[in-house]
file final_13.txt (compact mmCIF, C-alpha atoms)
# COMPACT_ATOMS: atom_id res chain seq x y z
CA MET I 1 -3.95 234.87 74.22
CA THR I 2 -7.35 236.10 75.39
CA THR I 3 -9.34 237.76 72.62
CA PRO I 4 -10.46 241.39 73.21
CA THR I 5 -14.11 240.34 73.25
CA PRO I 6 -15.81 236.99 73.92
CA LEU I 7 -16.65 234.93 70.85
CA ARG I 8 -20.44 234.63 70.65
CA ALA I 9 -22.19 231.48 69.54
CA GLU I 10 -24.41 231.83 66.51
CA GLY I 11 -28.16 231.81 67.00
CA GLY I 12 -28.46 234.77 69.35
CA PHE I 13 -27.24 233.00 72.49
CA PRO I 14 -26.05 235.33 75.27
CA VAL I 15 -22.77 236.01 77.04
CA VAL I 16 -22.81 235.76 80.84
CA GLY I 17 -20.07 237.69 82.62
CA ILE I 18 -18.82 236.51 86.01
CA VAL I 19 -16.80 238.81 88.26
CA GLY I 20 -14.12 236.69 89.93
CA GLY I 21 -12.20 233.69 88.68
CA GLY I 22 -12.64 231.29 91.59
CA GLN I 23 -13.99 227.76 91.67
CA LEU I 24 -17.62 228.87 91.57
CA ALA I 25 -17.07 230.55 88.20
CA ARG I 26 -15.09 227.48 87.09
CA MET I 27 -17.97 225.15 87.91
CA CYS I 28 -20.36 227.28 85.84
CA GLN I 29 -18.49 226.35 82.66
CA PRO I 30 -19.90 222.79 82.10
CA PRO I 31 -23.56 223.87 82.42
CA ALA I 32 -22.83 226.95 80.28
CA VAL I 33 -21.71 224.60 77.51
CA ALA I 34 -24.86 222.50 77.94
CA LEU I 35 -27.04 225.63 77.80
CA SER I 36 -25.20 227.00 74.71
CA VAL I 37 -24.19 230.04 76.78
CA THR I 38 -20.80 231.76 76.50
CA LEU I 39 -19.02 232.70 79.71
CA SER I 40 -16.66 235.63 80.15
CA VAL I 41 -14.81 235.74 83.48
CA LEU I 42 -13.05 238.79 84.88
CA ALA I 43 -10.27 236.87 86.62
CA GLU I 44 -7.73 237.84 89.23
CA SER I 45 -4.90 236.26 87.24
CA GLU I 46 -4.23 234.13 84.18
CA THR I 47 -3.94 231.08 86.43
CA ALA I 48 -7.11 231.68 88.45
CA SER I 49 -9.29 228.58 88.86
CA ALA I 50 -11.88 229.63 86.26
CA ALA I 51 -9.32 231.14 83.88
CA LEU I 52 -7.85 227.67 83.39
CA VAL I 53 -11.09 226.37 81.81
CA VAL I 54 -13.02 229.41 80.51
CA PRO I 55 -11.57 230.56 77.16
CA HIS I 56 -12.43 234.24 77.65
CA SER I 57 -10.97 235.24 81.01
CA PRO I 58 -9.39 238.71 80.86
CA VAL I 59 -7.46 239.74 83.95
CA GLY I 60 -8.83 242.62 86.01
CA GLU I 61 -9.53 243.76 89.55
CA HIS I 62 -13.06 243.70 90.93
CA THR I 63 -12.41 247.13 92.47
CA ASP I 64 -11.38 248.76 89.16
CA LEU I 65 -14.51 250.49 87.84
CA GLU I 66 -13.08 251.32 84.42
CA ALA I 67 -11.83 247.77 83.86
CA LEU I 68 -15.25 246.45 84.87
CA ARG I 69 -17.01 248.88 82.56
CA GLU I 70 -14.88 247.90 79.56
CA TRP I 71 -15.35 244.19 80.23
CA ALA I 72 -19.06 244.35 81.11
CA ARG I 73 -20.10 246.09 77.89
CA HIS I 74 -19.47 242.82 76.03
CA CYS I 75 -21.76 240.85 78.38
CA ASP I 76 -25.53 240.47 78.30
CA VAL I 77 -25.70 239.89 82.03
CA VAL I 78 -23.13 240.12 84.83
CA THR I 79 -23.10 237.98 87.95
CA PHE I 80 -20.57 237.21 90.68
CA ASP I 81 -18.17 234.55 91.96
CA HIS I 82 -17.90 236.47 95.28
CA GLU I 83 -19.53 239.37 97.15
CA HIS I 84 -16.51 241.69 97.37
CA VAL I 85 -17.26 244.21 94.60
CA PRO I 86 -17.65 247.57 96.42
CA GLN I 87 -21.13 249.04 96.56
CA GLU I 88 -20.03 252.26 94.86
CA VAL I 89 -18.68 250.23 91.93
CA LEU I 90 -21.89 248.16 91.70
CA THR I 91 -24.02 251.31 91.81
CA ALA I 92 -21.98 252.94 89.04
CA LEU I 93 -22.30 249.85 86.82
CA ALA I 94 -26.05 249.72 87.42
CA ALA I 95 -26.30 253.42 86.52
CA ASP I 96 -24.46 252.60 83.27
CA GLY I 97 -27.23 250.14 82.44
CA VAL I 98 -25.20 246.97 83.12
CA ASN I 99 -27.58 244.06 83.73
CA LEU I 100 -26.42 242.96 87.22
CA HIS I 101 -27.81 239.86 88.91
CA PRO I 102 -28.07 240.10 91.82
CA GLY I 103 -28.15 243.89 91.88
CA PRO I 104 -26.52 246.19 94.44
CA GLU I 105 -29.78 246.61 96.39
CA ALA I 106 -29.77 242.87 97.12
CA LEU I 107 -26.01 242.30 97.42
CA VAL I 108 -25.69 244.80 100.27
CA PHE I 109 -27.39 242.24 102.53
CA ALA I 110 -24.72 239.65 101.72
CA GLN I 111 -21.90 242.18 102.04
CA ASP I 112 -22.97 243.81 105.31
CA LYS I 113 -24.02 241.51 108.16
CA LEU I 114 -25.46 244.39 110.18
CA ALA I 115 -27.73 245.35 107.27
CA MET I 116 -28.66 241.68 106.86
CA ARG I 117 -29.62 241.27 110.53
CA ARG I 118 -31.72 244.46 110.50
CA ARG I 119 -33.62 243.42 107.38
CA LEU I 120 -34.25 239.83 108.47
CA THR I 121 -35.51 241.09 111.82
CA GLU I 122 -37.90 243.46 110.02
CA LEU I 123 -39.16 240.51 107.96
CA GLY I 124 -39.78 238.40 111.07
CA ILE I 125 -37.25 235.76 110.00
CA PRO I 126 -36.00 233.78 113.03
CA CYS I 127 -32.45 234.88 113.89
CA PRO I 128 -30.13 234.72 116.90
CA ARG I 129 -30.44 237.68 119.26
CA TRP I 130 -28.03 240.35 118.07
CA ALA I 131 -26.83 243.92 118.59
CA ARG I 132 -24.39 246.44 117.15
CA ALA I 133 -21.49 247.41 119.41
CA ARG I 134 -19.45 250.56 119.02
CA ASP I 135 -17.78 250.52 122.44
CA ALA I 136 -17.16 248.37 125.50
CA GLY I 137 -20.39 249.53 127.13
CA ASP I 138 -22.42 248.14 124.21
CA VAL I 139 -20.68 244.78 124.57
CA GLU I 140 -21.25 244.62 128.33
CA ALA I 141 -24.94 245.50 127.88
CA PHE I 142 -25.49 242.78 125.29
CA ALA I 143 -23.62 240.19 127.36
CA ALA I 144 -25.77 241.09 130.36
CA GLU I 145 -28.82 240.31 128.22
CA VAL I 146 -27.74 237.05 126.55
CA GLY I 147 -24.86 235.86 128.73
CA TRP I 148 -21.22 235.09 127.95
CA PRO I 149 -19.78 233.95 125.65
CA VAL I 150 -20.97 236.16 122.79
CA VAL I 151 -20.16 235.72 119.11
CA ALA I 152 -18.55 238.79 117.54
CA LYS I 153 -18.36 239.28 113.77
CA THR I 154 -16.89 241.87 111.45
CA PRO I 155 -19.90 243.14 109.47
CA ARG I 156 -17.91 243.07 106.23
CA GLY I 157 -15.31 240.80 104.70
CA GLY I 158 -15.52 237.66 106.84
CA TYR I 159 -15.71 234.14 105.38
CA ASP I 160 -14.88 230.52 106.35
CA GLY I 161 -14.59 231.42 110.02
CA LYS I 162 -12.48 234.54 109.40
CA GLY I 163 -13.84 237.68 111.01
CA VAL I 164 -15.59 235.68 113.77
CA ARG I 165 -14.65 235.46 117.44
CA VAL I 166 -16.28 233.67 120.36
CA CYS I 167 -15.56 236.01 123.25
CA ARG I 168 -15.80 235.57 127.02
CA SER I 169 -14.82 239.11 127.96
CA VAL I 170 -14.77 242.62 126.52
CA ALA I 171 -10.98 242.55 126.56
CA GLU I 172 -11.02 239.99 123.74
CA LEU I 173 -12.56 242.68 121.50
CA ASP I 174 -10.33 245.62 122.45
CA ASP I 175 -8.56 245.71 119.06
CA TRP I 176 -11.82 245.48 117.10
CA LEU I 177 -13.50 248.19 119.17
CA ALA I 178 -10.47 250.44 118.65
CA ALA I 179 -11.00 250.13 114.87
CA VAL I 180 -14.70 251.11 114.97
CA GLY I 181 -15.28 254.24 112.89
CA GLU I 182 -12.14 253.73 110.83
CA PRO I 183 -12.52 252.83 107.13
CA GLY I 184 -12.70 249.08 106.73
CA SER I 185 -14.66 246.05 107.88
CA LEU I 186 -15.48 247.54 111.32
CA GLU I 187 -16.36 251.05 110.22
CA ASP I 188 -19.99 250.78 111.37
CA GLY I 189 -19.32 248.75 114.51
CA VAL I 190 -19.07 245.12 115.59
CA LEU I 191 -21.95 242.68 115.10
CA LEU I 192 -22.68 240.80 118.33
CA GLU I 193 -24.79 237.63 118.39
CA GLU I 194 -25.81 235.25 121.12
CA ALA I 195 -23.90 231.97 121.20
CA VAL I 196 -26.62 229.65 119.90
CA ASP I 197 -26.98 226.21 121.47
CA PHE I 198 -27.72 224.45 118.20
CA THR I 199 -28.29 220.80 117.37
CA ARG I 200 -26.53 220.97 114.00
CA GLU I 201 -25.98 223.31 111.06
CA LEU I 202 -28.19 223.20 107.98
CA ALA I 203 -28.40 225.05 104.69
CA ALA I 204 -31.32 226.03 102.49
CA LEU I 205 -30.50 226.66 98.85
CA VAL I 206 -32.96 228.40 96.54
CA ALA I 207 -32.88 230.20 93.20
CA ARG I 208 -34.99 233.10 91.95
CA SER I 209 -35.25 234.67 88.50
CA PRO I 210 -35.90 238.36 87.68
CA SER I 211 -39.46 237.48 86.69
CA GLY I 212 -40.02 235.98 90.16
CA GLN I 213 -39.95 232.25 89.42
CA ALA I 214 -38.27 230.38 92.28
CA ALA I 215 -37.12 226.86 93.12
CA ALA I 216 -35.71 225.20 96.25
CA TRP I 217 -33.42 222.21 96.74
CA PRO I 218 -33.78 219.84 99.71
CA ILE I 219 -32.45 221.16 103.05
CA VAL I 220 -28.98 219.76 103.77
CA HIS I 221 -26.87 219.09 106.85
CA THR I 222 -23.52 220.91 106.76
CA VAL I 223 -20.64 219.71 108.93
CA GLN I 224 -18.15 222.38 109.98
CA SER I 225 -14.54 221.99 111.15
CA GLY I 226 -12.47 224.99 112.15
CA GLY I 227 -14.99 227.33 110.57
CA ILE I 228 -14.83 225.49 107.22
CA ASN I 229 -17.64 223.40 105.75
CA THR I 230 -16.03 219.96 105.39
CA GLU I 231 -19.04 217.75 104.61
CA VAL I 232 -22.60 218.04 103.29
CA LEU I 233 -25.33 215.41 103.66
CA ALA I 234 -28.26 215.75 101.26
CA PRO I 235 -30.99 215.68 102.32
CA ALA I 236 -30.40 216.38 106.02
CA PRO I 237 -31.03 213.02 107.70
CA GLY I 238 -33.77 212.88 110.32
CA LEU I 239 -34.87 216.47 109.76
CA ASP I 240 -38.35 217.26 111.07
CA GLU I 241 -40.63 217.74 108.06
CA GLN I 242 -42.18 220.93 109.45
CA VAL I 243 -38.73 222.45 109.97
CA ALA I 244 -37.69 221.45 106.43
CA VAL I 245 -40.78 223.09 104.93
CA ALA I 246 -40.49 226.20 107.12
CA ALA I 247 -36.77 226.64 106.32
CA ALA I 248 -37.35 226.31 102.56
CA GLU I 249 -40.31 228.70 102.69
CA GLY I 250 -38.24 231.14 104.76
CA ALA I 251 -35.39 231.06 102.26
CA LEU I 252 -37.80 231.68 99.39
CA ARG I 253 -39.37 234.58 101.31
CA ILE I 254 -35.93 236.10 101.94
CA ALA I 255 -35.06 235.82 98.23
CA GLY I 256 -38.28 237.59 97.24
CA ALA I 257 -38.15 240.30 99.91
CA LEU I 258 -34.50 241.15 99.25
CA GLY I 259 -34.89 241.04 95.47
CA VAL I 260 -32.30 238.29 95.02
CA THR I 261 -31.74 236.99 91.49
CA GLY I 262 -29.71 233.85 91.03
CA VAL I 263 -28.84 231.36 93.76
CA LEU I 264 -29.30 232.25 97.42
CA ALA I 265 -27.76 230.12 100.17
CA VAL I 266 -29.18 230.51 103.68
CA GLU I 267 -27.00 229.01 106.39
CA LEU I 268 -29.07 227.80 109.33
CA PHE I 269 -28.87 226.55 112.90
CA GLU I 270 -31.23 223.72 113.88
CA VAL I 271 -32.37 224.45 117.44
CA ARG I 272 -35.01 223.50 120.00
CA ASP I 273 -37.78 225.97 120.74
CA GLY I 274 -37.15 227.43 124.18
CA GLU I 275 -40.77 227.06 125.26
CA THR I 276 -42.03 223.90 123.55
CA GLY I 277 -38.82 221.98 122.90
CA ALA I 278 -39.96 221.42 119.32
CA PRO I 279 -37.39 221.52 116.49
CA ALA I 280 -36.92 224.96 114.92
CA TYR I 281 -34.31 226.94 112.98
CA LEU I 282 -32.44 230.24 113.08
CA VAL I 283 -30.77 232.02 110.14
CA ASN I 284 -27.01 232.37 110.50
CA GLU I 285 -25.64 233.79 107.21
CA LEU I 286 -26.63 234.60 103.60
CA ALA I 287 -24.69 234.16 100.35
CA MET I 288 -26.06 235.41 97.01
CA ARG I 289 -24.23 233.07 94.65
CA PRO I 290 -23.61 229.36 94.26
CA HIS I 291 -22.40 228.03 97.59
CA ASN I 292 -20.25 225.26 99.05
CA SER I 293 -23.36 223.70 100.61
CA GLY I 294 -24.75 223.19 97.10
CA HIS I 295 -21.82 221.44 95.40
CA TRP I 296 -23.61 218.11 95.95
CA THR I 297 -26.18 219.22 93.33
CA ILE I 298 -23.73 218.70 90.43
CA GLU I 299 -24.30 214.95 90.56
CA GLY I 300 -27.07 214.76 93.15
CA SER I 301 -29.79 216.97 91.66
CA VAL I 302 -31.65 217.04 88.37
CA THR I 303 -30.52 220.67 88.00
CA SER I 304 -27.26 221.72 89.65
CA GLN I 305 -26.91 225.03 91.48
CA PHE I 306 -24.54 226.21 88.74
CA GLU I 307 -26.95 225.50 85.89
CA GLN I 308 -29.78 227.01 87.92
CA HIS I 309 -27.78 230.15 88.63
CA LEU I 310 -27.17 230.67 84.91
CA ARG I 311 -30.82 229.99 84.12
CA ALA I 312 -31.92 232.43 86.83
CA VAL I 313 -29.69 235.37 85.91
CA LEU I 314 -30.70 234.98 82.25
CA ASP I 315 -34.40 234.77 83.29
CA LEU I 316 -34.70 231.37 81.63
CA PRO I 317 -37.27 228.90 83.01
CA LEU I 318 -35.77 227.26 86.09
CA GLY I 319 -34.89 223.57 86.15
CA ASP I 320 -36.06 220.77 88.43
CA PRO I 321 -34.15 220.90 91.77
CA SER I 322 -35.20 217.40 92.87
CA ALA I 323 -32.60 214.99 94.24
CA ARG I 324 -31.63 212.12 91.94
CA ASP I 325 -30.88 209.61 94.72
CA ARG I 326 -31.90 208.95 98.30
CA TRP I 327 -28.57 210.25 99.64
CA THR I 328 -25.75 212.39 98.31
CA VAL I 329 -22.63 213.12 100.36
CA MET I 330 -20.09 215.81 99.49
CA ALA I 331 -16.73 216.20 101.24
CA ASN I 332 -14.37 219.12 100.75
CA VAL I 333 -10.75 218.40 99.78
CA LEU I 334 -8.31 220.53 101.75
CA GLY I 335 -4.65 221.06 101.03
CA GLY I 336 -2.00 219.02 102.83
CA ASP I 337 1.72 218.55 102.30
CA ASP I 338 1.59 216.80 98.91
CA GLU I 339 1.77 219.20 95.97
CA ASP I 340 1.43 216.52 93.28
CA LEU I 341 -2.22 215.42 93.40
CA TYR I 342 -2.43 213.59 90.10
CA PRO I 343 -1.14 210.19 91.33
CA THR I 344 -3.58 210.19 94.27
CA TYR I 345 -6.37 211.33 91.94
CA ARG I 346 -5.69 208.37 89.62
CA HIS I 347 -5.56 205.95 92.56
CA LEU I 348 -8.96 207.07 93.87
CA MET I 349 -10.55 206.74 90.44
CA ALA I 350 -9.41 203.13 90.31
CA ARG I 351 -10.26 202.35 93.94
CA ASP I 352 -13.81 203.76 93.83
CA PRO I 353 -15.23 204.11 90.27
CA GLY I 354 -18.49 205.57 91.65
CA LEU I 355 -16.64 208.50 93.23
CA LYS I 356 -16.88 211.91 91.55
CA ILE I 357 -13.78 214.05 92.07
CA HIS I 358 -13.76 217.79 91.40
CA LEU I 359 -10.43 219.60 91.72
CA TYR I 360 -10.24 223.34 91.15
CA GLY I 361 -6.80 223.75 89.58
CA LYS I 362 -5.38 225.50 92.65
CA GLY I 363 -1.90 225.29 94.07
CA VAL I 364 -1.65 223.21 97.24
CA ARG I 365 -1.54 225.06 100.54
CA PRO I 366 -2.32 223.45 103.91
CA GLY I 367 -5.99 224.01 104.78
CA ARG I 368 -6.87 225.55 101.40
CA LYS I 369 -10.01 224.30 99.62
CA LEU I 370 -8.67 222.45 96.59
CA GLY I 371 -11.82 220.62 95.48
CA HIS I 372 -14.56 218.28 96.60
CA VAL I 373 -15.65 214.68 96.19
CA THR I 374 -19.20 213.37 95.86
CA VAL I 375 -20.83 209.96 96.29
CA PHE I 376 -24.49 208.99 96.13
CA GLY I 377 -26.72 206.00 96.71
CA ALA I 378 -30.27 204.76 97.02
CA GLY I 379 -30.23 202.85 100.34
CA GLU I 380 -32.94 203.96 102.75
CA ASP I 381 -31.31 203.16 106.10
CA GLU I 382 -28.73 205.09 108.13
CA ALA I 383 -26.12 202.37 107.46
CA SER I 384 -26.15 203.14 103.75
CA LEU I 385 -25.66 206.84 104.50
CA GLU I 386 -22.73 206.05 106.80
CA ASP I 387 -21.16 203.94 104.04
CA LEU I 388 -21.36 206.91 101.68
CA ARG I 389 -19.87 209.20 104.31
CA GLU I 390 -16.97 206.83 104.85
CA ARG I 391 -16.24 206.67 101.11
CA ALA I 392 -16.33 210.46 100.77
CA ARG I 393 -14.22 211.06 103.88
CA HIS I 394 -11.63 208.51 102.81
CA ALA I 395 -11.26 210.10 99.39
CA ALA I 396 -10.94 213.62 100.82
CA ASP I 397 -8.45 212.45 103.45
CA TYR I 398 -6.43 210.52 100.86
CA LEU I 399 -6.13 213.56 98.63
CA GLN I 400 -5.07 215.63 101.64
CA GLY I 401 -2.49 213.03 102.66
CA VAL I 402 -4.15 212.22 105.99
CA VAL I 403 -4.44 208.55 105.00
CA ARG I 404 -2.14 206.63 102.65
CA GLU I 405 -4.17 203.57 101.69

call {"tool": "encode", "arguments": {"input": "final_13.txt", "output": "structure tokens"}}
result
Amino acid sequence: MTTPTPLRAEGGFPVVGIVGGGQLARMCQPPAVALSVTLSVLAESETASAALVVPHSPVGEHTDLEALREWARHCDVVTFDHEHVPQEVLTALAADGVNLHPGPEALVFAQDKLAMRRRLTELGIPCPRWARARDAGDVEAFAAEVGWPVVAKTPRGGYDGKGVRVCRSVAELDDWLAAVGEPGSLEDGVLLEEAVDFTRELAALVARSPSGQAAAWPIVHTVQSGGINTEVLAPAPGLDEQVAVAAAEGALRIAGALGVTGVLAVELFEVRDGETGAPAYLVNELAMRPHNSGHWTIEGSVTSQFEQHLRAVLDLPLGDPSARDRWTVMANVLGGDDEDLYPTYRHLMARDPGLKIHLYGKGVRPGRKLGHVTVFGAGEDEASLEDLRERARHAADYLQGVVRE
């Protein structure tokens, strides 16, 4: 049974509270042990991913202000597994004196894509052309400017491809436009963006502490399938050095300007400059928490994103984000038809002893993220990278049941 309050380690070490019991909170537990930090997770259920491994995981809803207040008063700092805590709840907790990292003033830019686009535009950060649409006329005007198709997004609540449509006519947005002004994800309108002709998708991952110290990991290549990140290559192979530096500097500038504390993930498009043809980047999305694009750092970096996030929210000195090897490849494990993963897990451990397998304790459902696998190596050429990719893909496919040998 969960104790009423978290058991503190002797020596004055703090308790970090995490709202949400998903896999991101779960993966904070090993570095918390190494840092002598106690975690307390406000979990959705007793069987939530993090609740299975974090001893103090009381059950509560992230929308229940009183439950959050009672839980948070036992924590030295509170951070987040997701961005879904309502702004009014965050503001009330901050007014109570709860030490929130990131705070509501920063989180609004991860919760509201319209607010994010406005602020990044003000900062001069390169973004796709965008507009807010409240009716069909707004959509037609934007399409006349950028051309069809246009990308439409719900400003709030979308993730992993949900809340995103690639539209070739206004009619494809009739239901969304009808919901504009109603309480919910479309209350303030629809976010429209140009359909970017990008070379590939990248991600910049940085961390920032309350005192302003910051650190950046290498830029990575993220491979998407059906709106889900299925593979990460670290560092991004063949990336122009000027683009890598500019993207990292841009992510650090965003973190500082928005007042982010903890890990910030900046999802990017690699593009060609329309005038010069030179490589460039555009910012796609922001996430103010550990991120799928950073799971490779557990084995592939001197300091993982999860350790760094804990260091940052506690205002501890940040760790070294350098890569340990020339290449690290991470592949997501998605659910298939097999519910019993343990036999396949054992087989992969025997088949490839260098493989690192992380499963999140979730029930199997087709297409659901169940875990990830990581491999790494020191070979300099593209062939060695392709070998790592093949090993990671095979392991992920085997766990999903796509391959049987």

call {"tool": "residues_around", "arguments": {"input": "final_13.txt", "residues": "segment 227-229 of chain I", "least_positions_apart": "6", "cutoff": "12 Å", "atoms": "only C-alpha atoms", "output": "mmCIF file with C-alpha atoms, in the frame of the given file"}}
result
data_model
loop_
_atom_site.group_PDB
_atom_site.id
_atom_site.type_symbol
_atom_site.label_atom_id
_atom_site.label_comp_id
_atom_site.auth_asym_id
_atom_site.auth_seq_id
_atom_site.Cartn_x
_atom_site.Cartn_y
_atom_site.Cartn_z
ATOM 1 C CA GLY I 158 -15.520 237.660 106.840
ATOM 2 C CA TYR I 159 -15.710 234.140 105.380
ATOM 3 C CA ASP I 160 -14.880 230.520 106.350
ATOM 4 C CA GLY I 161 -14.590 231.420 110.020
ATOM 5 C CA LYS I 162 -12.480 234.540 109.400
ATOM 6 C CA GLY I 163 -13.840 237.680 111.010
ATOM 7 C CA VAL I 164 -15.590 235.680 113.770
ATOM 8 C CA ARG I 165 -14.650 235.460 117.440
ATOM 9 C CA VAL I 166 -16.280 233.670 120.360
ATOM 10 C CA GLU I 201 -25.980 223.310 111.060
ATOM 11 C CA LEU I 202 -28.190 223.200 107.980
ATOM 12 C CA ALA I 203 -28.400 225.050 104.690
ATOM 13 C CA HIS I 221 -26.870 219.090 106.850
ATOM 14 C CA GLU I 267 -27.000 229.010 106.390
ATOM 15 C CA HIS I 291 -22.400 228.030 97.590
ATOM 16 C CA ASN I 292 -20.250 225.260 99.050
ATOM 17 C CA SER I 293 -23.360 223.700 100.610
ATOM 18 C CA GLY I 294 -24.750 223.190 97.100
ATOM 19 C CA HIS I 295 -21.820 221.440 95.400
ATOM 20 C CA MET I 330 -20.090 215.810 99.490
ATOM 21 C CA ALA I 331 -16.730 216.200 101.240
ATOM 22 C CA ASN I 332 -14.370 219.120 100.750
ATOM 23 C CA VAL I 333 -10.750 218.400 99.780
ATOM 24 C CA LEU I 334 -8.310 220.530 101.750
ATOM 25 C CA GLY I 367 -5.990 224.010 104.780
ATOM 26 C CA ARG I 368 -6.870 225.550 101.400
ATOM 27 C CA LYS I 369 -10.010 224.300 99.620
ATOM 28 C CA HIS I 372 -14.560 218.280 96.600
#

call {"tool": "atom_distance", "arguments": {"input": "final_13.txt", "atom1": "atom CA of Arg119 of chain I", "atom2": "atom CA of Pro290 of chain I"}}
result
21.7 Å

call {"tool": "closest_residue", "arguments": {"input": "final_13.txt", "among": "I:Val364, I:Leu42, I:Ala171, I:Leu123", "to": "Val85 of chain I", "atoms": "only C-alpha atoms"}}
result
I:Leu42

call {"tool": "residues_around", "arguments": {"input": "final_13.txt", "residues": "Asp340 of chain I", "least_positions_apart": "4", "cutoff": "10 Å", "atoms": "only C-alpha atoms", "output": "list in words"}}
result
Thr344, Tyr345, Gly363, Val364 and Leu399 of chain I

call {"tool": "closest_atom_pairs", "arguments": {"input": "final_13.txt", "of": "segment 195-232 of chain I", "to": "segment 247-259 of chain I", "cutoff": "8 Å", "atoms": "only C-alpha atoms", "output": "CSV"}}
result
residue,atom,partner,partner_atom,distance
I:Ala204,CA,I:Ala248,CA,6.0
I:Leu205,CA,I:Ala251,CA,7.4
I:Val206,CA,I:Leu252,CA,6.5
I:Ala207,CA,I:Ala255,CA,7.9
I:Arg208,CA,I:Ala255,CA,6.8
I:Gly212,CA,I:Gly256,CA,7.5
I:Ala214,CA,I:Leu252,CA,7.2
I:Ala215,CA,I:Leu252,CA,7.9
I:Ala216,CA,I:Ala248,CA,6.6
I:Pro218,CA,I:Ala248,CA,7.9
I:Ile219,CA,I:Ala248,CA,7.1

call {"tool": "atom_distance", "arguments": {"input": "final_13.txt", "atom1": "atom CA of Leu93 of chain I", "atom2": "atom CA of Leu310 of chain I"}}
result
19.9 Å

call {"tool": "closest_residue", "arguments": {"input": "final_13.txt", "among": "I:Val150, I:Asp76, I:Leu24, I:Asp64", "to": "Leu314 of chain I", "atoms": "only C-alpha atoms"}}
result
I:Asp76

call {"tool": "residues_around", "arguments": {"input": "final_13.txt", "residues": "Gln308 of chain I", "least_positions_apart": "6", "cutoff": "8 Å", "atoms": "all atoms listed in the file", "output": "ChimeraX atom specification"}}
result
/I:207,262-263,318-319

call {"tool": "closest_residue", "arguments": {"input": "final_13.txt", "among": "I:Tyr360, I:Phe376, I:Phe109, I:Trp130", "to": "Val266 of chain I", "atoms": "only C-alpha atoms"}}
result
I:Phe109

call {"tool": "atom_distance", "arguments": {"input": "final_13.txt", "atom1": "atom CA of Asp175 of chain I", "atom2": "atom CA of Asp135 of chain I"}}
result
10.9 Å

call {"tool": "axis_aligned_box", "arguments": {"input": "final_13.txt", "around": "segment 102-109 of chain I", "padding_each_side": "3 Å", "output": "JSON"}}
result
{"center_x": -27.7, "center_y": 243.4, "center_z": 97.2, "size_x": 10.1, "size_y": 12.5, "size_z": 16.7}

call {"tool": "residues_near_point", "arguments": {"input": "final_13.txt", "point": "(-29.7, 242.5, 91.9)", "cutoff": "10 Å", "atoms": "all atoms listed in the file", "output": "list in words"}}
result
Val78, Thr79, Leu90, Ala94, Asn99, Leu100, His101, Pro102, Gly103, Pro104, Glu105, Ala106, Leu107, Val108, Pro210, Leu258, Gly259, Val260, Thr261, Gly262, Met288 and Val313 of chain I

call {"tool": "residues_around", "arguments": {"input": "final_13.txt", "residues": "Asp138 of chain I", "least_positions_apart": "5", "cutoff": "10 Å", "atoms": "all atoms listed in the file", "output": "PyMOL selection string"}}
result
chain I and resi 131-133+143-144+170+190+192

call {"tool": "residues_around", "arguments": {"input": "final_13.txt", "residues": "Cys167 of chain I", "least_positions_apart": "3", "cutoff": "12 Å", "atoms": "only C-alpha atoms", "output": "VMD selection string"}}
result
chain I and resid 139 to 140 143 147 to 153 164 170 to 174 176 192 to 195

call {"tool": "closest_residue", "arguments": {"input": "final_13.txt", "among": "I:Gln111, I:Thr199, I:Thr47, I:Thr230", "to": "Ser185 of chain I", "atoms": "all atoms listed in the file"}}
result
I:Gln111

call {"tool": "closest_residue", "arguments": {"input": "final_13.txt", "among": "I:Arg8, I:Arg326, I:His62, I:Arg118", "to": "Ala378 of chain I", "atoms": "all atoms listed in the file"}}
result
I:Arg326

call {"tool": "closest_atom_pairs", "arguments": {"input": "final_13.txt", "of": "segment 237-330 of chain I", "to": "segment 380-387 of chain I", "cutoff": "12 Å", "atoms": "only C-alpha atoms", "output": "tab-separated table"}}
result
residue	atom	partner	partner_atom	distance
I:Pro237	CA	I:Glu382	CA	8.3
I:Gly238	CA	I:Glu382	CA	9.5
I:Asp325	CA	I:Glu380	CA	10.0
I:Arg326	CA	I:Glu380	CA	6.8
I:Trp327	CA	I:Leu385	CA	6.6
I:Thr328	CA	I:Leu385	CA	8.3
I:Val329	CA	I:Leu385	CA	8.1
I:Met330	CA	I:Leu385	CA	11.7
